[in-house]
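Visitor: Next up is a structure, given as structure tokens.
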Amino acid sequence: MSSLLIAQLPMYDWPEVREANDRLWRIVASECKNRGISAPEGLDRSIETLQAWRSPNLLLSQTCGLPLVTQLRHQVTVLGSFSYAIGDQEGNYHSVLVAQQNCPANLNQFKGKTLAINGYDSYSGYLAIKVLMTARQMPNAFFKTILVTGSHRESIHAVVNGKADLAAIDCVSWDLATNFEPESNFLKIIATSPARPGLPLITAPNASQTRVSILRDALRCGTKRLDNQSRNVLGITSFVAKTENDYGVIHDDLKSTHSRSLSPVNQT
């Protein structure tokens, strides 16, 4: 039965930290088994995330708050989020806006420039910018164009290589970049977005309350038992239980920024 179950930790699974993610999962899986539920031996990196998120065989995965409220609402069960040293102990995170070291340090000076985003389905790379610009009452269609890169790491490369002038990077991804991506040394932070609930850890929608409770306990114990080297590599400090209702703020962000376009070309 356990071979049918799917376990993933895909959102920050950079090649440099996969061994640490694997070690974390082995502890969590062991804690699950000790509490009477089956768990796969290893993380599955072969199944596309959206397919895994919607699978009735999903035991554990990590998604983004934006697809949670736009595509997965009531289709998954939210367990909670990890807290990271770069975020806060409540499991919240933020985005940093980065530009080249010799660029202006004021966001207002990037009018008519190119913005790199990892994707339109990303809270941290896309919607967080709209929230920040709305809070600052900045002009609509502020940027000349949007460059979609496919990942935070590629957005960093795009700014360094001059393909884009600015990018919003999830703070956990930025922390990974400062450790493993030398090109991050050529960039600086010029702004920080408001904090929001961190990337949700989820299981299948048909999960019993017993299974949810066991998974939360296993994640909590897993982060406590993780060796210091893996903890430092991943930046994880603890697990914080959350429900889907905790991500209602992201739905509110969608509504409050609905009329804002980031550029006259890209109206998404």
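Labeling convention for the structure tokens: chains A, B, ... as they appear, residues from 1 per chain, ligands from 1 in order of appearance.
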Which residues of range 141-161 of chain A have any atom within 12 Å of an atom in range 236-260 of chain A when counting only C-alpha atoms, and what is the closest pair of atoms for each, with the distance in Å to one decimal? Order the rows by chain and rising number and write it as JSON lines.
Guide:
{"residue": "A:Ala141", "atom": "CA", "partner": "A:Arg260", "partner_atom": "CA", "distance": 7.3}
{"residue": "A:Phe142", "atom": "CA", "partner": "A:Arg260", "partner_atom": "CA", "distance": 9.6}
{"residue": "A:Phe143", "atom": "CA", "partner": "A:Arg260", "partner_atom": "CA", "distance": 11.8}
Visitor: The selected residues should be written to file as a PDB file, in the first residue's frame (atoms: all heavy atoms).
Guide:
ATOM      1  N   ALA A 141       0.732  49.462 -14.387  1.00  0.00           N
ATOM      2  CA  ALA A 141       1.553  49.180 -15.575  1.00  0.00           C
ATOM      3  C   ALA A 141       2.922  49.845 -15.449  1.00  0.00           C
ATOM      4  O   ALA A 141       3.404  50.523 -16.363  1.00  0.00           O
ATOM      5  CB  ALA A 141       0.826  49.611 -16.847  1.00  0.00           C
ATOM      6  N   PHE A 142       3.562  49.652 -14.324  1.00  0.00           N
ATOM      7  CA  PHE A 142       4.783  50.363 -13.957  1.00  0.00           C
ATOM      8  C   PHE A 142       5.987  49.924 -14.789  1.00  0.00           C
ATOM      9  O   PHE A 142       6.811  50.736 -15.196  1.00  0.00           O
ATOM     10  CB  PHE A 142       5.052  50.116 -12.472  1.00  0.00           C
ATOM     11  CG  PHE A 142       6.259  50.808 -11.911  1.00  0.00           C
ATOM     12  CD1 PHE A 142       6.228  52.155 -11.584  1.00  0.00           C
ATOM     13  CD2 PHE A 142       7.435  50.104 -11.689  1.00  0.00           C
ATOM     14  CE1 PHE A 142       7.342  52.791 -11.050  1.00  0.00           C
ATOM     15  CE2 PHE A 142       8.553  50.725 -11.162  1.00  0.00           C
ATOM     16  CZ  PHE A 142       8.503  52.074 -10.837  1.00  0.00           C
ATOM     17  N   PHE A 143       6.078  48.613 -15.052  1.00  0.00           N
ATOM     18  CA  PHE A 143       7.233  48.085 -15.779  1.00  0.00           C
ATOM     19  C   PHE A 143       6.964  48.072 -17.280  1.00  0.00           C
ATOM     20  O   PHE A 143       5.814  48.031 -17.725  1.00  0.00           O
ATOM     21  CB  PHE A 143       7.558  46.673 -15.300  1.00  0.00           C
ATOM     22  CG  PHE A 143       7.918  46.608 -13.839  1.00  0.00           C
ATOM     23  CD1 PHE A 143       6.994  46.166 -12.905  1.00  0.00           C
ATOM     24  CD2 PHE A 143       9.167  47.011 -13.392  1.00  0.00           C
ATOM     25  CE1 PHE A 143       7.301  46.117 -11.550  1.00  0.00           C
ATOM     26  CE2 PHE A 143       9.492  46.967 -12.042  1.00  0.00           C
ATOM     27  CZ  PHE A 143       8.557  46.517 -11.123  1.00  0.00           C
TER      28      PHE A 143
END
Visitor: With a distance cut-off of 10 Å and only C-alpha atoms, select the neighbouring residues of Ile47 in chain A, excluding the residue or stretch itself and same-chain residues fewer than 6 positions from it, and output the selection as a list in words.
Guide: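 Using only C-alpha atoms, the neighbours found are Ile6, Ala7, Gln8 and Trp53 of chain A.
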Visitor: Dump N, CA, C and O atoms for the selected residues as an mmCIF file, in the first residue's frame?
Guide:
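And here is the file that came out, again08.cif:
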data_model
loop_
_atom_site.group_PDB
_atom_site.id
_atom_site.type_symbol
_atom_site.label_atom_id
_atom_site.label_comp_id
_atom_site.auth_asym_id
_atom_site.auth_seq_id
_atom_site.Cartn_x
_atom_site.Cartn_y
_atom_site.Cartn_z
ATOM 1 N N ILE A 6 2.337 9.020 -2.288
ATOM 2 C CA ILE A 6 3.276 9.981 -2.882
ATOM 3 C C ILE A 6 3.752 10.929 -1.796
ATOM 4 O O ILE A 6 2.953 11.511 -1.054
ATOM 5 N N ALA A 7 5.063 11.090 -1.711
ATOM 6 C CA ALA A 7 5.659 12.079 -0.815
ATOM 7 C C ALA A 7 6.633 12.930 -1.611
ATOM 8 O O ALA A 7 7.484 12.416 -2.330
ATOM 9 N N GLN A 8 6.496 14.242 -1.490
ATOM 10 C CA GLN A 8 7.380 15.179 -2.175
ATOM 11 C C GLN A 8 7.686 16.357 -1.246
ATOM 12 O O GLN A 8 6.886 16.696 -0.379
ATOM 13 N N TRP A 53 -0.212 16.948 -6.370
ATOM 14 C CA TRP A 53 -1.084 17.695 -5.471
ATOM 15 C C TRP A 53 -2.533 17.227 -5.569
ATOM 16 O O TRP A 53 -3.243 17.227 -4.562
#
Visitor: Measuring atom to atom with only C-alpha atoms, identify which of A:Arg45, A:His94, A:Arg220, A:His152 is nearest to Ala191 in chain A.
Guide: A:His94
Visitor: Taking the backbone alone, and naming residues the way the document does, which bits of range 93-212 of chain A are strand (DSSP E) by DSSP, as JSON, numbers by chain?
Guide: {"A": [93, 95, 96, 97, 98, 99, 100, 114, 115, 116, 117, 145, 146, 147, 148, 166, 167, 168, 169, 170, 187, 188, 189, 190, 191, 192, 196, 197, 201, 202, 203]}
Visitor: Go ahead and write the residues just picked, N, CA and C atoms, as a short mmCIF file (atom, residue, chain, number, x, y, z; two decimals), in the first residue's frame.
Guide:
data_model
loop_
_atom_site.label_atom_id
_atom_site.label_comp_id
_atom_site.auth_asym_id
_atom_site.auth_seq_id
_atom_site.Cartn_x
_atom_site.Cartn_y
_atom_site.Cartn_z
N TYR A 93 6.69 34.00 5.60
CA TYR A 93 7.84 34.35 4.77
C TYR A 93 7.54 35.61 3.98
N SER A 95 9.07 38.15 0.31
CA SER A 95 9.89 38.20 -0.90
C SER A 95 10.85 39.38 -0.80
N VAL A 96 11.98 39.23 -1.48
CA VAL A 96 12.93 40.35 -1.59
C VAL A 96 13.01 40.73 -3.07
N LEU A 97 13.03 42.02 -3.34
CA LEU A 97 13.23 42.52 -4.70
C LEU A 97 14.71 42.79 -4.88
N VAL A 98 15.30 42.16 -5.87
CA VAL A 98 16.75 42.25 -6.06
C VAL A 98 17.08 42.87 -7.41
N ALA A 99 18.17 43.62 -7.42
CA ALA A 99 18.67 44.27 -8.63
C ALA A 99 20.19 44.23 -8.59
N GLN A 100 20.82 44.60 -9.69
CA GLN A 100 22.28 44.62 -9.71
C GLN A 100 22.82 45.67 -8.73
N THR A 114 12.47 46.16 -17.01
CA THR A 114 11.99 44.78 -17.19
C THR A 114 12.03 44.04 -15.86
N LEU A 115 10.91 43.43 -15.53
CA LEU A 115 10.78 42.65 -14.30
C LEU A 115 10.81 41.16 -14.63
N ALA A 116 11.63 40.40 -13.92
CA ALA A 116 11.65 38.95 -14.07
C ALA A 116 10.78 38.31 -13.00
N ILE A 117 9.92 37.38 -13.40
CA ILE A 117 9.13 36.60 -12.44
C ILE A 117 9.33 35.12 -12.75
N THR A 145 8.00 45.60 -19.37
CA THR A 145 7.63 44.24 -19.75
C THR A 145 7.96 43.28 -18.62
N ILE A 146 7.39 42.07 -18.74
CA ILE A 146 7.61 41.00 -17.77
C ILE A 146 8.33 39.86 -18.46
N LEU A 147 9.39 39.37 -17.85
CA LEU A 147 10.11 38.21 -18.35
C LEU A 147 9.80 37.03 -17.43
N VAL A 148 9.19 35.98 -17.97
CA VAL A 148 8.87 34.78 -17.18
C VAL A 148 10.02 33.80 -17.32
N LEU A 166 15.07 43.68 -12.55
CA LEU A 166 14.58 43.49 -11.19
C LEU A 166 13.87 42.15 -11.11
N ALA A 167 13.89 41.51 -9.93
CA ALA A 167 13.14 40.27 -9.73
C ALA A 167 12.71 40.18 -8.27
N ALA A 168 11.54 39.57 -8.04
CA ALA A 168 11.08 39.28 -6.68
C ALA A 168 11.39 37.82 -6.39
N ILE A 169 12.15 37.60 -5.32
CA ILE A 169 12.62 36.26 -4.98
C ILE A 169 12.10 35.89 -3.59
N ASP A 170 11.48 34.75 -3.50
CA ASP A 170 11.09 34.17 -2.21
C ASP A 170 12.31 34.20 -1.28
N LEU A 187 24.13 40.96 -6.76
CA LEU A 187 22.82 41.59 -6.59
C LEU A 187 22.67 42.16 -5.19
N LYS A 188 21.70 43.07 -5.06
CA LYS A 188 21.37 43.65 -3.76
C LYS A 188 19.85 43.69 -3.59
N ILE A 189 19.42 43.73 -2.36
CA ILE A 189 17.99 43.83 -2.04
C ILE A 189 17.61 45.31 -2.00
N ILE A 190 16.53 45.66 -2.73
CA ILE A 190 16.09 47.06 -2.71
C ILE A 190 14.73 47.24 -2.04
N ALA A 191 14.00 46.14 -1.82
CA ALA A 191 12.70 46.23 -1.16
C ALA A 191 12.29 44.86 -0.65
N THR A 192 11.38 44.84 0.31
CA THR A 192 10.88 43.61 0.91
C THR A 192 9.37 43.65 0.94
N ARG A 196 3.70 36.86 4.60
CA ARG A 196 2.52 36.06 4.38
C ARG A 196 2.79 34.63 4.87
N PRO A 197 1.73 33.81 5.07
CA PRO A 197 1.94 32.43 5.51
C PRO A 197 2.86 31.68 4.55
N LEU A 201 2.34 22.89 3.46
CA LEU A 201 2.51 21.45 3.35
C LEU A 201 1.11 20.84 3.33
N ILE A 202 0.88 19.93 2.40
CA ILE A 202 -0.48 19.44 2.16
C ILE A 202 -0.52 17.92 2.09
N THR A 203 -1.73 17.39 2.29
CA THR A 203 -2.00 15.98 2.05
C THR A 203 -3.33 15.89 1.30
#
Visitor: So that each row is one residue of range 116-145 of chain A with an atom at most 12 Å from range 70-86 of chain A, can you give its shortest atom pair and the distance in Å to one decimal, using only C-alpha atoms, rows by chain and rising number, as a Markdown table?
Guide:
| residue | atom | partner | partner_atom | distance |
| --- | --- | --- | --- | --- |
| A:Tyr120 | CA | A:Thr70 | CA | 11.6 |
| A:Asp121 | CA | A:Thr70 | CA | 8.8 |
| A:Ser122 | CA | A:Thr70 | CA | 10.8 |
| A:Tyr123 | CA | A:Thr70 | CA | 10.9 |
Visitor: Let me make sure I understand: among A:Leu5, A:Asn206, A:Leu262, A:Asp13, which one has the smallest atom-to-atom distance to Thr134 in chain A if we use only C-alpha atoms?
Guide: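 Once distances to Thr134 in chain A are computed over only C-alpha atoms, the minimum belongs to A:Leu262.
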Visitor: Calculate how many Å separate CA of Val212 in chain A from CA of Leu58 in chain A, rounding to one decimal.
Guide: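 Those two atoms sit 12.2 Å apart.
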Visitor: Write out as a list of chain:residue names all residues of range 98-150 of chain A that DSSP puts in alpha helix (DSSP H) for this structure's backbone.
Guide: A:Ala128, A:Ile129, A:Lys130, A:Val131, A:Leu132, A:Met133, A:Thr134, A:Ala135
Visitor: Generate the output file for the selected residues, N, CA and C atoms, as a JSON list (two decimals), in the first residue's frame.
Guide:
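Below is the file result.json, written as the result:
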[["chain", "number", "residue", "atom", "x", "y", "z"],
["A", 128, "ALA", "N", 3.22, 38.91, -4.87],
["A", 128, "ALA", "CA", 3.83, 39.71, -3.80],
["A", 128, "ALA", "C", 4.25, 41.09, -4.30],
["A", 129, "ILE", "N", 4.69, 41.17, -5.56],
["A", 129, "ILE", "CA", 5.08, 42.46, -6.13],
["A", 129, "ILE", "C", 3.86, 43.36, -6.27],
["A", 130, "LYS", "N", 2.75, 42.79, -6.73],
["A", 130, "LYS", "CA", 1.53, 43.57, -6.88],
["A", 130, "LYS", "C", 1.04, 44.09, -5.53],
["A", 131, "VAL", "N", 1.16, 43.23, -4.51],
["A", 131, "VAL", "CA", 0.75, 43.63, -3.16],
["A", 131, "VAL", "C", 1.63, 44.78, -2.66],
["A", 132, "LEU", "N", 2.93, 44.66, -2.84],
["A", 132, "LEU", "CA", 3.85, 45.71, -2.40],
["A", 132, "LEU", "C", 3.60, 47.02, -3.13],
["A", 133, "MET", "N", 3.40, 46.95, -4.45],
["A", 133, "MET", "CA", 3.20, 48.17, -5.23],
["A", 133, "MET", "C", 1.86, 48.82, -4.92],
["A", 134, "THR", "N", 0.85, 47.99, -4.62],
["A", 134, "THR", "CA", -0.45, 48.53, -4.23],
["A", 134, "THR", "C", -0.34, 49.24, -2.88],
["A", 135, "ALA", "N", 0.38, 48.61, -1.94],
["A", 135, "ALA", "CA", 0.55, 49.22, -0.62],
["A", 135, "ALA", "C", 1.29, 50.55, -0.71]]
Visitor: Have a look at CA of Pro56 in chain A and CA of Arg35 in chain A and let me know their distance in Å, one decimal.
Guide: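 CA of Arg35 in chain A lies 21.0 Å from CA of Pro56 in chain A.
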Visitor: Which residues come within 12 Å of Lys33 in chain A, counting only C-alpha atoms, excluding same-chain residues fewer than 4 positions away, as a list in words?
Guide: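 After dropping sequence-adjacent residues, the list is Ser2, Arg26, Ile27, Val28, Ala29, Ile37, Ser38, Ala39, Pro40, Glu41, Arg211, Ile214, Leu215, Asp217 and Ala218 of chain A.
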Visitor: Show which residues sit within 12 Å of Met11 in chain A, as number ranges by chain. Count only C-alpha atoms, and ignore same-chain residues fewer than 2 positions away.
Guide: A: 8-9, 13-15, 17-18, 21, 45, 48-50, 61-65, 81-82, 122, 124, 151-153, 170, 172-173, 176, 198-201, 234
Visitor: Pull N, CA and C atoms from the residues just selected and write them as a tab-separated table (two decimals), in the first residue's frame.
Guide:
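Contents of again20.tsv, freshly written:
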chain	number	residue	atom	x	y	z
A	8	GLN	N	6.50	14.24	-1.49
A	8	GLN	CA	7.38	15.18	-2.18
A	8	GLN	C	7.69	16.36	-1.25
A	9	LEU	N	8.83	16.96	-1.46
A	9	LEU	CA	9.16	18.27	-0.86
A	9	LEU	C	9.77	19.11	-1.98
A	13	ASP	N	13.69	22.27	-3.48
A	13	ASP	CA	14.50	21.07	-3.66
A	13	ASP	C	15.64	21.31	-4.65
A	14	TRP	N	16.48	22.31	-4.36
A	14	TRP	CA	17.64	22.57	-5.21
A	14	TRP	C	18.58	21.36	-5.17
A	15	PRO	N	19.32	21.11	-6.25
A	15	PRO	CA	20.24	19.95	-6.24
A	15	PRO	C	21.17	19.94	-5.04
A	17	VAL	N	20.61	20.74	-2.04
A	17	VAL	CA	19.99	20.43	-0.74
A	17	VAL	C	19.16	19.14	-0.78
A	18	ARG	N	19.21	18.42	-1.88
A	18	ARG	CA	18.37	17.22	-1.99
A	18	ARG	C	18.72	16.16	-0.96
A	21	ASN	N	17.03	17.20	2.18
A	21	ASN	CA	15.60	16.93	2.09
A	21	ASN	C	15.30	15.45	2.26
A	45	ARG	N	10.44	12.33	-7.03
A	45	ARG	CA	10.75	13.50	-7.86
A	45	ARG	C	10.36	13.26	-9.32
A	48	GLU	N	4.94	15.12	-11.75
A	48	GLU	CA	4.73	16.56	-11.80
A	48	GLU	C	3.97	17.02	-10.57
A	49	THR	N	4.36	18.18	-10.07
A	49	THR	CA	3.79	18.62	-8.79
A	49	THR	C	2.27	18.76	-8.84
A	50	LEU	N	1.72	19.36	-9.89
A	50	LEU	CA	0.28	19.55	-9.95
A	50	LEU	C	-0.44	18.21	-9.96
A	61	SER	N	3.08	16.82	0.31
A	61	SER	CA	3.80	17.66	-0.64
A	61	SER	C	3.79	19.08	-0.12
A	62	GLN	N	4.44	19.94	-0.86
A	62	GLN	CA	4.51	21.36	-0.53
A	62	GLN	C	4.11	22.13	-1.77
A	63	THR	N	3.19	23.06	-1.61
A	63	THR	CA	2.74	23.88	-2.72
A	63	THR	C	2.99	25.35	-2.40
A	64	CYS	N	2.48	26.23	-3.22
A	64	CYS	CA	2.59	27.67	-3.02
A	64	CYS	C	1.22	28.20	-2.61
A	65	GLY	N	1.19	29.27	-1.86
A	65	GLY	CA	-0.07	29.80	-1.40
A	65	GLY	C	-1.00	30.24	-2.51
A	81	SER	N	3.09	24.70	7.73
A	81	SER	CA	4.26	25.15	6.97
A	81	SER	C	5.50	25.01	7.84
A	82	PHE	N	6.64	24.90	7.19
A	82	PHE	CA	7.90	24.98	7.92
A	82	PHE	C	8.16	26.44	8.27
A	122	SER	N	2.91	32.11	-9.11
A	122	SER	CA	3.74	32.22	-7.92
A	122	SER	C	3.31	33.40	-7.07
A	124	SER	N	5.13	34.47	-4.34
A	124	SER	CA	6.34	35.21	-3.96
A	124	SER	C	7.00	35.93	-5.13
A	151	SER	N	11.71	29.87	-12.77
A	151	SER	CA	12.18	29.56	-11.42
A	151	SER	C	12.83	30.79	-10.80
A	152	HIS	N	12.87	30.81	-9.48
A	152	HIS	CA	13.55	31.92	-8.80
A	152	HIS	C	15.03	31.96	-9.17
A	153	ARG	N	15.62	30.80	-9.30
A	153	ARG	CA	17.05	30.74	-9.61
A	153	ARG	C	17.31	31.35	-10.98
A	170	ASP	N	11.48	34.75	-3.50
A	170	ASP	CA	11.09	34.17	-2.21
A	170	ASP	C	12.31	34.20	-1.28
A	172	VAL	N	13.29	32.40	1.14
A	172	VAL	CA	13.98	31.12	1.36
A	172	VAL	C	14.85	30.79	0.15
A	173	SER	N	14.33	31.03	-1.04
A	173	SER	CA	15.12	30.83	-2.25
A	173	SER	C	16.32	31.77	-2.27
A	176	LEU	N	18.93	30.35	-0.06
A	176	LEU	CA	19.63	29.27	-0.76
A	176	LEU	C	20.61	29.85	-1.77
A	198	GLY	N	3.80	30.92	5.09
A	198	GLY	CA	4.77	30.20	4.28
A	198	GLY	C	4.16	29.12	3.43
A	199	LEU	N	4.96	28.55	2.56
A	199	LEU	CA	4.47	27.56	1.60
A	199	LEU	C	3.79	26.39	2.32
A	200	PRO	N	2.53	26.11	1.97
A	200	PRO	CA	1.77	25.11	2.72
A	200	PRO	C	2.20	23.67	2.41
A	201	LEU	N	2.34	22.89	3.46
A	201	LEU	CA	2.51	21.45	3.35
A	201	LEU	C	1.11	20.84	3.33
A	234	LEU	N	19.03	23.45	4.89
A	234	LEU	CA	17.65	23.72	4.50
A	234	LEU	C	17.12	25.03	5.08
Visitor: Could you check which of A:Gly125, A:Gly222, A:Gly87, A:Pro264 is closest to Leu66 in chain A, using only C-alpha atoms?
Guide: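 Looking only at the distances to Leu66 in chain A, the closest residue turns out to be A:Gly125.
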Visitor: Find the residues around Ala158 in chain A up to 8 Å (only C-alpha atoms counted), leave out those fewer than 4 positions away in its own chain, and share them as a VMD selection string.
Guide: chain A and resid 116 149 154 162 to 164
Visitor: At what distance in Å, to one decimal, does CA of Leu107 in chain A lie from CA of Leu127 in chain A?
Guide: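 Straight-line distance from CA of Leu127 in chain A to CA of Leu107 in chain A works out to 16.1 Å.
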Visitor: Return the single residue from A:Asn34, A:Asn179, A:Ser193, A:Asn92 that is closest to Tyr126 in chain A, with distances computed using only C-alpha atoms.
Guide: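 Answer, going by the shortest atom-to-atom distance: A:Ser193.
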